[in-house]
Amino acid sequence: MSAKGIRGNPELRRGLGSKTTDREKIMEDGPAGDWLALRSDQLLNWIDDAVYNASEATGMREVVDRVTRPIFNFAQRFSPHPLHFGIMCCAIEMGQASAPDHDIDRLGLVYRSSPRQCDVLIVNGPVCEKLRPKLKTLYEQMPEPKWVIAMGECAISGGPYWDSYSVVAGADTFMPVDVYIPGCPVRPEALMHGFLTLQKKIREKEPGMFLRRD
Amino acid sequence: MAEMWISMGPQHPMTHGLWTLKVKVDGETIVDADPELGYLHRSVEKMGERRKYFMNTTLTDRLCYASSTTWTHSYVLAVEELMEVEVPTRAQYIRTIMLELQRLASHLMWAGAYMPDLGHITGALYFWRDRELFLNLLELPSGSRLLYNYMRIGGVKRDLPDGFEQKTERILKLFEQRLDEYADLFENSKIFRMRTEDVGKFTGTQAMNMGITGPNLRGCGVKHDLRVEDTYEIYEEIDWDICTREAGPGYSDCFSRYMVRIDEMKESVRIIRDCFKKMPQGPTMSSRVPVRASGEAFRRTEDSRGEALMYLVGDGSDRPYRWKIKSPMFTTISACPHYLKGYKLADIPAIMGSIDICIGETDK
Amino acid sequence: MNFKDLQKELKAIKGVSNLSLIRQNVIKIDLEKSVSKAFFTKLKEDFYFEHCSLITAVDNQPDFELVYHLSCLSGELTVDDTKMSAMIEVHIHLKRDSPSIDSVSDLWFGANWHEREAFDLMGIYFVGHPDLRRVLLPEGFAGHPLRKDYVYEIHEEEW
């Protein structure tokens, strides 16, 4: 955004008939918040420019990636943080998987209630028209890297609700899905298998330290 | 102090499902609330009009994920009323056993979900562990863990497997011992009682007017249970009592609603034992089940959460012309401004958890 | 009050027709739309129906029908010598071009959302309702899906 756009018309701002003072000349740079602070897009530009491009040019990126890749990858695949978010029947089985009988925590899962702290979104039920924008928001609130698991028939294709007027035909119609777990409802064992599959997928993808945002 | 609206949900640990609670707070005190539903509206009623009568049990199973059999049973009862089908006595006994096992599983799930709301993670693990016992038990005759599709129009899918009675008895005995342990852990715990007592109060008269039924109403001391008052299956012949509790004269709080459910679990154990004692031999499926129906019929049953009502209109074809589902939670959630007002923001999980929300049946 | 006395009193009320007993504890009646509010007030105040179980809207093509299920939970109404709770089923017919009726949500708070749902899914207008918005479907949804003439797209063949 250009500085002029923010300032607007200086004539109108000053008011008619008033003279320009030195103080107002300084203020023409815009409100202090604009040029004093480092905005998030400026920070990202700086990271792109100084860190990413420079390390690419000098060959540092390859070195750092090679050093950090195994340990980052281990950390990512061994402690997925799914969002504590229940839609329908499969959510009950998701909870039951955390119960002492199945104890899914031994795969390293930690359920978090805020999307800001998560990297796995489990879509465990039918996505209705009213829910879709909210689910999309939840997905966008999660930081990179992130994965989506479509748990159960409803999330895969609409399932038993294929002829409903309000259910979306699968979560993959509006967000990328990494792992599909069939079942109606999915048993806790199947959920475990789904997470193992996801971990395998993360291992094969091998992201390093330099994640591109695009 | 300035008033403001706070929005909770649809993704919030308090909601136990998909709904939004907007509360208006004055400082920390709630002055108004506005619940919003519809995030799980799957249009079951409209879909049911496109399916044949016997196909709809798949949908009713998925109505309420916490107690699926009771909802299928409610639908099946209404269809039997519409088609005038006689159910064999043994099937009625098996149905009652399944219903009570489901009630146990549902109440255990509620308790397991309620405890983390109060900051008691151990309670959640204990109750979910016990729920697993009953899921395994329900899996034996039906073949599925969560959604059974066991109730059929005119009877049940198949007879109970061999040794079911012994296995049930073993688990019930274990469960009774554990309930006594939990009494020490929860009812006699000072922290638990401080969190739940004198919170979320409403009187029985208010509750009836607001459409609150089931354990929430019995927590006010109102002796109302559709298993007796609109009796179905063989609840008349079984030896059991209606459980009521009250926090004070004619009103309930979170603790009395908790205690009603614990009492109901004990009562369910008694019903199951009595059913096994009195169960006769015989067929489990009616010999003649029609496909088409006309006229209209409704049945109400006592779901784990309150009064479930299924209203069916048939037009002589093999599909229902109109199918209406009454969910007890629909009206209970709508009344939440009444029983949230005046309490603190931190009491919301304790109050909303204590009424046992299941959004699946609410949104239909 | 006994259930038999209730039937006698109901028969005497103007606007009530076709009284029948569909089960031991359930009365079914037809009611004229114009007297609905006064009749429901009487039901609640004099006949102890303090709980509104359900309000159903049925699309009878072409006309609409509203079905009210009201019940007595407190045991003031006795059904013979049993412990059963009494229930009444009220049918009201509405014209398709003017699907509106007086709201009963000021009598029973539990009727509030049932009326909102009937408005949302069937398009019945409740006059005097405090907050008649859509409850299940998102704001801005076109049409009332439970009407029989509501068309939506399904690609598969019907089975």
# chains A, B, ... in the order shown; residues from 1 in each chain; ligands from 1
>>> interface_residues(of="chain A", to="chain C", cutoff="8 Å", atoms="only C-alpha atoms", output="PDB file with N, CA and C atoms, in the first residue's frame")
ATOM      1  N   GLU A 129     -22.971 -27.010   4.436  1.00  0.00           N
ATOM      2  CA  GLU A 129     -22.742 -25.703   3.800  1.00  0.00           C
ATOM      3  C   GLU A 129     -22.442 -24.628   4.828  1.00  0.00           C
ATOM      4  N   LYS A 130     -23.091 -24.705   5.973  1.00  0.00           N
ATOM      5  CA  LYS A 130     -22.890 -23.680   6.988  1.00  0.00           C
ATOM      6  C   LYS A 130     -21.526 -23.823   7.654  1.00  0.00           C
ATOM      7  N   ASP A 163     -27.174 -37.636  -0.835  1.00  0.00           N
ATOM      8  CA  ASP A 163     -28.261 -36.954  -1.530  1.00  0.00           C
ATOM      9  C   ASP A 163     -28.867 -35.849  -0.692  1.00  0.00           C
ATOM     10  N   TYR A 165     -29.339 -31.961   0.759  1.00  0.00           N
ATOM     11  CA  TYR A 165     -29.231 -30.632   0.155  1.00  0.00           C
ATOM     12  C   TYR A 165     -28.224 -29.753   0.856  1.00  0.00           C
TER      13      TYR A 165
END
>>> select_by_dssp(residues="segment 45-159 of chain C", states="strand (DSSP E or B)", output="PyMOL selection string")
chain C and resi 51-59+64-71+78+87-94+100-102+125-127
>>> write_last_selection(atoms="C-alpha atoms", output="PDB file, in the first residue's frame")
ATOM      1  CA  HIS C  51     -44.914 -28.807  27.932  1.00  0.00           C
ATOM      2  CA  CYS C  52     -44.816 -28.302  24.186  1.00  0.00           C
ATOM      3  CA  SER C  53     -43.268 -31.456  22.787  1.00  0.00           C
ATOM      4  CA  LEU C  54     -43.201 -30.715  19.115  1.00  0.00           C
ATOM      5  CA  ILE C  55     -44.525 -28.506  16.359  1.00  0.00           C
ATOM      6  CA  THR C  56     -44.482 -30.197  12.980  1.00  0.00           C
ATOM      7  CA  ALA C  57     -45.308 -28.635   9.667  1.00  0.00           C
ATOM      8  CA  VAL C  58     -46.508 -31.007   6.969  1.00  0.00           C
ATOM      9  CA  ASP C  59     -46.736 -30.055   3.324  1.00  0.00           C
ATOM     10  CA  PHE C  64     -50.030 -26.992   4.871  1.00  0.00           C
ATOM     11  CA  GLU C  65     -50.873 -28.701   8.092  1.00  0.00           C
ATOM     12  CA  LEU C  66     -49.438 -27.877  11.488  1.00  0.00           C
ATOM     13  CA  VAL C  67     -49.324 -30.595  14.118  1.00  0.00           C
ATOM     14  CA  TYR C  68     -48.840 -29.604  17.745  1.00  0.00           C
ATOM     15  CA  HIS C  69     -47.899 -32.246  20.275  1.00  0.00           C
ATOM     16  CA  LEU C  70     -48.486 -30.988  23.799  1.00  0.00           C
ATOM     17  CA  SER C  71     -48.053 -33.021  26.932  1.00  0.00           C
ATOM     18  CA  THR C  78     -54.530 -38.522  35.194  1.00  0.00           C
ATOM     19  CA  MET C  87     -50.887 -35.902  25.472  1.00  0.00           C
ATOM     20  CA  ILE C  88     -52.841 -33.987  22.893  1.00  0.00           C
ATOM     21  CA  GLU C  89     -52.269 -33.793  19.152  1.00  0.00           C
ATOM     22  CA  VAL C  90     -53.708 -30.680  17.524  1.00  0.00           C
ATOM     23  CA  HIS C  91     -54.013 -30.406  13.747  1.00  0.00           C
ATOM     24  CA  ILE C  92     -54.416 -27.021  12.110  1.00  0.00           C
ATOM     25  CA  HIS C  93     -54.789 -26.562   8.373  1.00  0.00           C
ATOM     26  CA  LEU C  94     -53.233 -23.584   6.654  1.00  0.00           C
ATOM     27  CA  SER C 100     -49.174 -17.864   8.849  1.00  0.00           C
ATOM     28  CA  ILE C 101     -50.497 -18.483  12.334  1.00  0.00           C
ATOM     29  CA  ASP C 102     -50.293 -16.935  15.784  1.00  0.00           C
ATOM     30  CA  TYR C 125     -44.837 -17.573   9.380  1.00  0.00           C
ATOM     31  CA  PHE C 126     -45.585 -17.262  13.076  1.00  0.00           C
ATOM     32  CA  VAL C 127     -47.178 -13.940  13.885  1.00  0.00           C
TER      33      VAL C 127
END
>>> residues_around(residues="Asp180 of chain B", least_positions_apart="5", cutoff="12 Å", atoms="only C-alpha atoms", output="list in words")
Lys173, Leu174, Phe175, Leu185, Phe186, Glu187, Asn188, Ile262, Asp263, Met265 and Lys266 of chain B
>>> select_by_dssp(residues="segment 150-359 of chain B", states="helix (DSSP H, G or I)", output="PyMOL selection string")
chain B and resi 164-187+190-196+204-210+215-218+226-229+254-278+328-334+336-340+345-354+359
>>> interface_residues(of="chain B", to="chain C", cutoff="6 Å", atoms="only C-alpha atoms", output="number ranges by chain")
B: 37-38, 208-211, 229-230, 331
>>> closest_atom_pairs(of="chain B", to="chain A", cutoff="7 Å", atoms="only C-alpha atoms", output="tab-separated table")
residue	atom	partner	partner_atom	distance
B:Gln11	CA	A:Phe85	CA	6.0
B:His12	CA	A:Ser113	CA	7.0
B:Pro13	CA	A:Ser113	CA	6.6
B:Gly17	CA	A:Gly86	CA	5.9
B:Leu18	CA	A:Ile87	CA	6.3
B:Gly38	CA	A:Lys130	CA	6.9
B:Tyr39	CA	A:Leu131	CA	5.0
B:Leu40	CA	A:Cys128	CA	6.1
B:His41	CA	A:Cys128	CA	6.7
B:Arg42	CA	A:Ser166	CA	6.0
B:Ser43	CA	A:Ser164	CA	6.0
B:Met47	CA	A:Ser164	CA	6.3
B:Tyr65	CA	A:Cys89	CA	4.9
B:Leu125	CA	A:Ala99	CA	5.7
B:Trp128	CA	A:Ala99	CA	5.8
B:Arg129	CA	A:Pro100	CA	5.9
B:Gly360	CA	A:Met88	CA	6.6
>>> residues_around(residues="segment 1-16 of chain C", least_positions_apart="4", cutoff="7 Å", atoms="only C-alpha atoms", output="list of chain:residue names")
C:Ile29, C:Asp30, C:Leu31, C:Glu32, C:Val35, C:Glu76, C:Leu77, C:Thr78, C:Val79, C:Asp80
>>> write_last_selection(atoms="C-alpha atoms", output="compact mmCIF listing (two decimals), in the first residue's frame")
# COMPACT_ATOMS: atom_id res chain seq x y z
CA ILE C 29 -58.29 -33.01 17.45
CA ASP C 30 -58.66 -30.71 14.49
CA LEU C 31 -58.68 -27.01 15.24
CA GLU C 32 -59.68 -23.92 13.32
CA VAL C 35 -59.26 -19.73 17.47
CA GLU C 76 -51.97 -33.18 37.14
CA LEU C 77 -53.89 -34.89 34.36
CA THR C 78 -54.53 -38.52 35.19
CA VAL C 79 -55.24 -41.16 32.59
CA ASP C 80 -57.67 -43.62 34.18
>>> decode(residues="segment 101-117 of chain A", atoms="C-alpha atoms", output="CSV table (one decimal), in the first residue's frame")
chain,number,residue,atom,x,y,z
A,101,ASP,CA,-7.8,-49.0,25.8
A,102,HIS,CA,-6.3,-47.8,22.6
A,103,ASP,CA,-4.1,-45.0,23.9
A,104,ILE,CA,-3.2,-43.2,20.6
A,105,ASP,CA,-0.9,-40.9,22.5
A,106,ARG,CA,1.8,-43.4,22.2
A,107,LEU,CA,2.1,-42.4,18.5
A,108,GLY,CA,3.1,-39.0,19.7
A,109,LEU,CA,-0.3,-37.3,19.2
A,110,VAL,CA,-1.1,-34.3,21.3
A,111,TYR,CA,-4.6,-32.8,20.8
A,112,ARG,CA,-4.6,-29.0,21.0
A,113,SER,CA,-7.7,-26.8,21.1
A,114,SER,CA,-6.3,-23.9,19.2
A,115,PRO,CA,-5.7,-24.1,15.5
A,116,ARG,CA,-2.6,-21.9,16.0
A,117,GLN,CA,-0.9,-24.7,17.8
